[in-house]
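Shown next, in structure tokens, is the structure this report addresses.
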Amino acid sequence: PRPLSPAADHAAYRVAQEGLTNAHKHAPGAPIELALHYDADSLVVEVVNGPPPAGAGRAAVSGGQGLTGLGERTRLIGGMVHAGPTAEGGFRLAGVLPYAPAGADAPA
């Protein structure tokens, strides 16, 4: 683990929160995995859910703004978000968050 800027720390929390919320709303009963990967220059926060089990009920209606706002939040700190379906029928949300604030020199 490495320290994050306050903005990146909050963005990491929001990626996890959004991924878990979306999995719960859109794939009720599906398995969910949350992982943190500490790469050389960034933290990767990843939430992956499987497909909803048969007979699990209908997915909830969404306002559709969560991923858009999350993408903007991560871009402001020099990061990025990837979201999309998996080959197995689930969904993956990953945020790549730099350790240093956007525009800051990398630590020596």
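Order determines the names: the first chain of the structure tokens is A, the second B, and so forth; residues in each chain are numbered 1 upward, and ligands are numbered 1 upward as they are shown.
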Next on the checklist: Would you pick out the contacts of Leu4 in chain A at 12 Å or less, using only C-alpha atoms, so that residues sharing its chain but fewer than 5 positions from it are not included, and give the list as an MDAnalysis selection string?
Outcome noted: chainID A and resid 9:13 38 41:44 77 97:102
Quick one: write out the picked residues with N, CA, C and O atoms as a tab-separated table (two decimals), in the first residue's frame?
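The result, written out as result.tsv:
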chain	number	residue	atom	x	y	z
A	9	ASP	N	-7.87	9.33	-2.69
A	9	ASP	CA	-8.42	8.48	-1.64
A	9	ASP	C	-9.95	8.47	-1.70
A	9	ASP	O	-10.58	7.42	-1.65
A	10	HIS	N	-10.53	9.66	-1.85
A	10	HIS	CA	-11.99	9.74	-1.94
A	10	HIS	C	-12.50	9.10	-3.24
A	10	HIS	O	-13.53	8.42	-3.24
A	11	ALA	N	-11.77	9.28	-4.33
A	11	ALA	CA	-12.17	8.66	-5.59
A	11	ALA	C	-12.12	7.13	-5.49
A	11	ALA	O	-13.00	6.45	-6.03
A	12	ALA	N	-11.13	6.60	-4.79
A	12	ALA	CA	-11.04	5.14	-4.59
A	12	ALA	C	-12.28	4.64	-3.84
A	12	ALA	O	-12.88	3.62	-4.22
A	13	TYR	N	-12.66	5.36	-2.81
A	13	TYR	CA	-13.87	5.02	-2.06
A	13	TYR	C	-15.10	5.04	-2.97
A	13	TYR	O	-15.93	4.13	-2.94
A	38	TYR	N	-2.03	-2.41	-6.20
A	38	TYR	CA	-1.07	-1.32	-6.05
A	38	TYR	C	-0.01	-1.46	-7.13
A	38	TYR	O	0.92	-2.24	-7.00
A	41	ASP	N	2.69	3.20	-10.30
A	41	ASP	CA	2.35	4.62	-10.28
A	41	ASP	C	0.88	4.91	-9.97
A	41	ASP	O	0.47	6.07	-9.96
A	42	SER	N	0.09	3.87	-9.73
A	42	SER	CA	-1.33	4.11	-9.49
A	42	SER	C	-1.97	2.96	-8.72
A	42	SER	O	-1.47	1.84	-8.71
A	43	LEU	N	-3.07	3.28	-8.09
A	43	LEU	CA	-3.92	2.30	-7.43
A	43	LEU	C	-5.04	1.94	-8.39
A	43	LEU	O	-5.66	2.82	-8.98
A	44	VAL	N	-5.29	0.65	-8.55
A	44	VAL	CA	-6.42	0.19	-9.37
A	44	VAL	C	-7.46	-0.40	-8.42
A	44	VAL	O	-7.17	-1.32	-7.66
A	77	ILE	N	-8.34	14.13	-11.33
A	77	ILE	CA	-7.12	13.85	-10.58
A	77	ILE	C	-6.09	13.12	-11.44
A	77	ILE	O	-5.09	12.62	-10.93
A	97	LEU	N	-6.18	5.19	-10.35
A	97	LEU	CA	-6.02	6.43	-9.61
A	97	LEU	C	-4.54	6.67	-9.31
A	97	LEU	O	-3.90	5.85	-8.65
A	98	PRO	N	-3.98	7.79	-9.79
A	98	PRO	CA	-2.56	8.05	-9.54
A	98	PRO	C	-2.29	8.33	-8.06
A	98	PRO	O	-3.14	8.88	-7.36
A	99	TYR	N	-1.10	7.95	-7.62
A	99	TYR	CA	-0.71	8.24	-6.24
A	99	TYR	C	-0.50	9.73	-6.03
A	99	TYR	O	-0.89	10.30	-5.02
A	100	ALA	N	0.12	10.38	-7.00
A	100	ALA	CA	0.39	11.82	-6.91
A	100	ALA	C	-0.72	12.58	-7.61
A	100	ALA	O	-1.29	12.10	-8.60
A	101	PRO	N	-1.07	13.78	-7.14
A	101	PRO	CA	-2.10	14.58	-7.81
A	101	PRO	C	-1.70	14.90	-9.25
A	101	PRO	O	-0.51	14.94	-9.57
A	102	ALA	N	-2.68	15.10	-10.09
A	102	ALA	CA	-2.42	15.45	-11.49
A	102	ALA	C	-1.52	16.67	-11.57
A	102	ALA	O	-1.72	17.65	-10.86
Checklist entry - Residues at most 7 Å from Ala83 in chain A, counting only C-alpha atoms, excluding those fewer than 5 positions away in the same chain, as a list in words? => result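 The residues that qualify are Arg92, Leu93 and Ala94 of chain A.
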Store the residues of this selection in a file with N, CA and C atoms, as a short mmCIF file (atom, residue, chain, number, x, y, z; two decimals), in the first residue's frame.
data_model
loop_
_atom_site.label_atom_id
_atom_site.label_comp_id
_atom_site.auth_asym_id
_atom_site.auth_seq_id
_atom_site.Cartn_x
_atom_site.Cartn_y
_atom_site.Cartn_z
N ARG A 92 -17.85 -5.25 -15.00
CA ARG A 92 -16.59 -4.86 -14.35
C ARG A 92 -16.48 -3.35 -14.34
N LEU A 93 -16.14 -2.81 -13.18
CA LEU A 93 -15.84 -1.39 -13.02
C LEU A 93 -14.44 -1.29 -12.44
N ALA A 94 -13.57 -0.54 -13.09
CA ALA A 94 -12.21 -0.36 -12.59
C ALA A 94 -11.82 1.10 -12.66
#
Checklist entry - Which parts of chain A does DSSP call helix (DSSP H, G or I) when run on the backbone here, written out as JSON, numbers by chain? => result {"A": [6, 7, 8, 9, 10, 11, 12, 13, 14, 15, 16, 17, 18, 19, 20, 21, 22, 23, 24, 25, 26, 66, 67, 68, 69, 70, 71, 72, 73, 74, 75, 76]}
Next on the checklist: Give me the residues near Gly29 in chain A as a PyMOL selection string, where near means some atom within 9 Å (using only C-alpha atoms) and where sequence neighbours in that chain fewer than 4 positions away do not count.
Outcome noted: chain A and resi 23-24+51-53+56
Next on the checklist: So that I can check the secondary structure, give me every residue of range 11-83 of chain A assigned strand (DSSP E or B) by backbone DSSP, as number ranges by chain.
Outcome noted: A: 32-38, 42-49, 80-83
